[in-house]
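Enquirer: Please see the structure below; I have some questions.
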Amino acid sequence: MSEKIIVNGNEFEVLKPQGEFKLISVEDHAIHYQTPMGRKTANFFQNRKSGETYLSIEGKTYCVNDNRQRKSKRAGGKSDPLSIVAPMPGKVFKHLKAVGETVIDNETVSILEAMKMEHPLKAVKQLKISKINFNEGEQVKTGDVIVELEEISQ
Amino acid sequence: MKVKKILIANRSEIAFRVLKTCQYLKIKTVVIYSEEDKNLEYVQKADESYSLGSGELSDTYLNQDKIVKIAKDSKADAIHPGYGFLSENASFAEKVENAGILFIGPTAKVISLMGDKIQSKIKAQELGVPVIPGYHGEDQSLKKLESEALKIGFPVLIKASAGGGGKGMRIVREQKDFQEALESAKSEARKAFSNDKVLLEKYITAPKHIEVQVVGDGKKNFLHFFERECSIQRRYQKIIEECPSPSLTESKRQEICQTAVKLAEGIQYRGAGTVELVYDQVSSDFYFLEMNTRLQVEHPVTEMSTHVDLVKLQIDVANDCLKLQQNDISLHGHSIECRIYAEDPKNQFLPQSGTIGFIGGESYPWYRVETAYRDGDEVSINYDPMIAKLVTWGESRSEAIEKMKKVLDETPFLGVVNNRDFLLKILNEKDFQKSSFTTHYIEEHIDNLLKEESLPEELFFLLDEIKKIPKGLGKNSKTKAFTDPWDSIKL
């Protein structure tokens, strides 16, 4: 079975590096190496607390989560249509819908207030509100599920 | 009286920026800081620093009485407010002056005049400065506002009268969306500014953001330092600025700068300020937007292209000895600023927090970096997510762009999600290089700017090599960038 790692939030298969790269030297945050195209330098930083390795290669940043068994602890995530998740820490400013009400695609369910701005949190398809976990005025952390939704039974 | 000690009523890079000029002028500095900021470099470098405690902004950086008391107790003779926070707060300016301390900025009267989006436009119009068609009236009823919007013609922009930074601002493209947008703009404005008064404006479809740097002595000397163009914006906030604008002819430049001086003179402006304009690329018409009565975030591009120190000029004005004349000021080459934000461009530019593990960067004679952070510092979610400004200068615009690409490549700010890669993508875009853009540039190019790319071949090789590095190397360290070379000797 192939191993997987998370790079910038997306899952990739771990590939065996080909033999065409050679290490030259390592400094504090720089790694010099030989490629078929000539010498290159990448910068890196390992955050041992979070298990993330950051790399900058030719002006592009790669945040690699190599903690392989560790699945994202966030409930839902933005791919889950049944959860309205806080994308950042803030305060629930307003719920535009009550439990039992329905929302349509791209309709705002709740408004999060963070950094003195209002961020509308929207539904991705037509659904019914099943549960509100945080009331207006309550503080939320990144990844908290603010509102739960359910499919509309026909 | 000559200013001998300045209290800097701000934080992060701008506090550091002001501190540097004070030190060069041999003026003593007093810095105030919240507990979260106590390890930032400038706090340690100031002559005196005082804690504001922790908690809400209203208890710390916005606590006027506490700040004035610290200024008095430390015998500061002037307060520099930086930008943001209390810099455009007329009652603060008044409190400071009533305490017998100089406020480095305009008079409270001018701050409140120019801080009011309605009154400032009326004043500009009186002085012969063109303004955008709109409704700036007192009647805030839905019926009146909606009928005025129809008179102006959609699309229409709703703006908070006391606003800034995009807060309380909505574009309405059709009449049917008007009511909802109005209510949401008003509620945002009420929270951000405790004032929900709005104004309406014609929305200009192909606008460029041009602004003129001015400095006045409040009496007879009113100077301009040419213009900046800041059209590259996301969420109504600038991320790339340049001086001069690549979009103006020489005669248009003169016309715009003269107009700004006319406004500064007309209000007997004291200190450094910026006259913000919207420039219609199609008609070459320009309109007054607002005046910022303070130093601007992007002031370094003006400094790099005109060879002045704007903070020193602010202090000259405070000392009542602004000697510079308009003939002394000229444009040299081109400079560009990129703002590094701890934010995620892939997730609606949401602010991010975390530990900056590695900033990076080399120094060059044509490069300037403004930041308060060092390797290992924490970026807090409680403050503005801008963590640094990189500024390059070149003989031409394309040279300044090439240099910026180099320094961005060398300065990744690893450890906290940020917009460095996004900025580099913009600099590599043809439309940016040809200066063919409006303030809608990012919206219009977002798909291309965020396009996912495949992983580079060497990524897995590098990860394997990094894994072999013994612990102790490559972890948080404050040894590399931005440290004083003398520090290592003291160890």
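We name chains A, B, ... following the order of the structure tokens; residues begin at 1 in each chain, and ligands are numbered from 1 as shown.
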Could you please select, counting only C-alpha atoms, the residues of chain B within 8 Å of chain A and state them as a VMD selection string?
Expert: chain B and resid 167 188 191 to 192 350 to 352 357 to 358 381 to 384 408 to 410 412 414 to 415 421 424 457 to 458 460 to 461 465 473 to 476
Enquirer: Pick out the residues sitting within 6 Å of A:Val92, and hand them over as a ChimeraX atom specification; count only C-alpha atoms, and ignore anything fewer than 5 positions along from it in its own chain.
Expert: /A:112,136-138
Enquirer: Give one line per residue of stretch 97-183 of chain B that approaches stretch 305-324 of chain B to at most 8 Å, naming the two atoms of the closest pair and their distance in Å to one decimal, counting only C-alpha atoms; sort by chain then ascending residue number and deliver it as a Markdown table.
Expert:
| residue | atom | partner | partner_atom | distance |
| --- | --- | --- | --- | --- |
| B:Leu102 | CA | B:Ala318 | CA | 7.2 |
| B:Phe103 | CA | B:Ala318 | CA | 7.9 |
| B:Ile104 | CA | B:Ala318 | CA | 6.2 |
| B:Gly105 | CA | B:Gln314 | CA | 7.4 |
Enquirer: Work out how far atom CA of B:Phe16 is from atom CA of B:Glu370, in Å to one decimal.
Expert: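 Going from atom CA of B:Glu370 over to atom CA of B:Phe16 covers 8.0 Å.
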Enquirer: Mind listing the helix (DSSP H, G or I) residues of stretch 274-347 of chain B, per DSSP on the backbone, as a PyMOL selection string?
Expert: chain B and resi 299-306+310-318+326-328+345-347
Enquirer: If you run DSSP over the backbone, which residues in stretch 176-320 of chain B end up strand (DSSP E or B)? Put them as JSON, numbers by chain.
Expert: {"B": [198, 199, 200, 201, 202, 207, 208, 209, 210, 211, 212, 213, 214, 215, 216, 217, 222, 223, 224, 225, 226, 227, 228, 229, 230, 231, 232, 233, 234, 237, 238, 239, 240, 241, 242, 243, 270, 271, 272, 273, 274, 275, 276, 277, 278, 279, 280, 286, 287, 288, 289, 290, 291, 292]}
Enquirer: How far is it from atom CA of A:Lys4 to atom CA of A:Asn65, in Å with one decimal?
Expert: 9.8 Å
Enquirer: Please provide the set of residues having any atom within 12 Å of stretch 97-108 of chain A, restricted to only C-alpha atoms, with same-chain residues fewer than 3 positions apart removed, written as a CSV table (one decimal) with N, CA, C and O atoms, in the first residue's frame.
Expert:
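New file out.csv:
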chain,number,residue,atom,x,y,z
A,81,PRO,N,-20.5,19.0,3.2
A,81,PRO,CA,-21.6,19.9,3.1
A,81,PRO,C,-22.5,20.0,4.3
A,81,PRO,O,-23.3,20.9,4.4
A,82,LEU,N,-22.4,19.0,5.2
A,82,LEU,CA,-23.4,19.0,6.3
A,82,LEU,C,-22.9,19.7,7.5
A,82,LEU,O,-23.6,19.7,8.6
A,84,ILE,N,-21.3,23.6,9.0
A,84,ILE,CA,-20.9,24.9,8.8
A,84,ILE,C,-19.7,25.1,9.8
A,84,ILE,O,-20.0,25.1,11.0
A,94,LYS,N,-24.2,36.2,13.9
A,94,LYS,CA,-25.6,36.1,13.6
A,94,LYS,C,-26.0,34.7,13.0
A,94,LYS,O,-25.2,34.3,12.1
A,111,ILE,N,-23.2,34.2,10.2
A,111,ILE,CA,-22.2,35.2,10.0
A,111,ILE,C,-21.2,35.2,11.1
A,111,ILE,O,-21.6,35.2,12.3
A,112,LEU,N,-19.9,35.0,10.8
A,112,LEU,CA,-18.8,34.9,11.8
A,112,LEU,C,-18.2,36.3,11.8
A,112,LEU,O,-17.9,36.9,10.8
A,118,GLU,N,-17.1,40.9,9.0
A,118,GLU,CA,-18.1,39.9,9.0
A,118,GLU,C,-17.8,38.9,7.9
A,118,GLU,O,-17.5,39.3,6.7
A,119,HIS,N,-17.8,37.6,8.2
A,119,HIS,CA,-17.6,36.6,7.2
A,119,HIS,C,-18.8,35.7,7.1
A,119,HIS,O,-19.2,35.0,8.0
A,120,PRO,N,-19.5,35.8,5.9
A,120,PRO,CA,-20.7,35.0,5.7
A,120,PRO,C,-20.3,33.5,5.6
A,120,PRO,O,-19.3,33.2,4.9
A,121,LEU,N,-20.9,32.6,6.2
A,121,LEU,CA,-20.7,31.2,6.1
A,121,LEU,C,-21.9,30.6,5.3
A,121,LEU,O,-23.0,30.7,5.7
A,122,LYS,N,-21.6,30.0,4.2
A,122,LYS,CA,-22.6,29.6,3.3
A,122,LYS,C,-22.8,28.1,3.1
A,122,LYS,O,-21.9,27.4,3.3
A,123,ALA,N,-24.0,27.7,2.8
A,123,ALA,CA,-24.3,26.3,2.5
A,123,ALA,C,-23.9,26.0,1.0
A,123,ALA,O,-23.9,26.9,0.2
A,124,VAL,N,-23.4,24.8,0.8
A,124,VAL,CA,-23.0,24.5,-0.5
A,124,VAL,C,-24.1,23.8,-1.4
A,124,VAL,O,-23.9,23.7,-2.6
A,125,LYS,N,-25.2,23.4,-0.7
A,125,LYS,CA,-26.3,22.9,-1.5
A,125,LYS,C,-27.6,23.0,-0.7
A,125,LYS,O,-27.5,23.5,0.4
A,126,GLN,N,-28.7,22.6,-1.3
A,126,GLN,CA,-29.9,22.7,-0.6
A,126,GLN,C,-30.0,21.7,0.6
A,126,GLN,O,-29.9,20.5,0.4
A,127,LEU,N,-30.2,22.3,1.8
A,127,LEU,CA,-30.2,21.4,3.0
A,127,LEU,C,-31.1,22.0,4.1
A,127,LEU,O,-31.6,23.1,3.9
A,128,LYS,N,-31.3,21.2,5.1
A,128,LYS,CA,-32.1,21.7,6.3
A,128,LYS,C,-31.2,21.8,7.5
A,128,LYS,O,-30.3,21.0,7.7
A,129,ILE,N,-31.4,22.9,8.3
A,129,ILE,CA,-30.7,23.1,9.5
A,129,ILE,C,-31.1,22.1,10.5
A,129,ILE,O,-32.3,22.0,10.9
A,130,SER,N,-30.2,21.3,11.1
A,130,SER,CA,-30.6,20.3,12.1
A,130,SER,C,-30.2,20.6,13.5
A,130,SER,O,-30.8,20.3,14.4
A,131,LYS,N,-29.1,21.4,13.6
A,131,LYS,CA,-28.6,21.7,15.0
A,131,LYS,C,-27.7,22.9,14.9
A,131,LYS,O,-26.9,23.1,14.0
A,132,ILE,N,-27.9,23.7,16.0
A,132,ILE,CA,-27.0,24.9,16.1
A,132,ILE,C,-26.2,24.7,17.4
A,132,ILE,O,-26.7,24.6,18.5
A,133,ASN,N,-24.9,24.6,17.2
A,133,ASN,CA,-24.0,24.2,18.3
A,133,ASN,C,-23.5,25.5,19.1
A,133,ASN,O,-23.1,25.3,20.2
A,135,ASN,N,-24.3,29.6,19.9
A,135,ASN,CA,-25.3,30.7,19.9
A,135,ASN,C,-24.6,32.0,19.4
A,135,ASN,O,-23.4,32.1,19.5
A,136,GLU,N,-25.5,32.9,19.0
A,136,GLU,CA,-25.0,34.2,18.7
A,136,GLU,C,-24.2,34.8,19.9
A,136,GLU,O,-24.6,34.7,21.0
A,147,VAL,N,-22.8,25.1,12.8
A,147,VAL,CA,-24.2,24.6,12.5
A,147,VAL,C,-24.1,23.3,11.8
A,147,VAL,O,-23.2,23.1,11.0
A,148,GLU,N,-25.0,22.4,12.1
A,148,GLU,CA,-25.1,21.1,11.4
A,148,GLU,C,-26.3,21.1,10.5
A,148,GLU,O,-27.4,21.6,10.9
A,149,LEU,N,-26.2,20.5,9.4
A,149,LEU,CA,-27.3,20.4,8.4
A,149,LEU,C,-27.6,19.0,8.1
A,149,LEU,O,-26.8,18.1,8.3
A,150,GLU,N,-28.8,18.8,7.5
A,150,GLU,CA,-29.1,17.4,7.0
A,150,GLU,C,-29.8,17.5,5.7
A,150,GLU,O,-30.3,18.5,5.3
A,151,GLU,N,-29.8,16.4,5.0
A,151,GLU,CA,-30.5,16.3,3.7
A,151,GLU,C,-32.0,16.4,3.9
A,151,GLU,O,-32.5,16.1,5.0
A,152,ILE,N,-32.6,17.0,2.9
A,152,ILE,CA,-34.1,17.2,3.0
A,152,ILE,C,-34.7,15.9,2.5
A,152,ILE,O,-34.5,15.5,1.4
A,153,SER,N,-35.5,15.3,3.4
A,153,SER,CA,-36.2,14.1,3.0
A,153,SER,C,-37.4,14.4,2.1
A,153,SER,O,-38.2,15.3,2.4
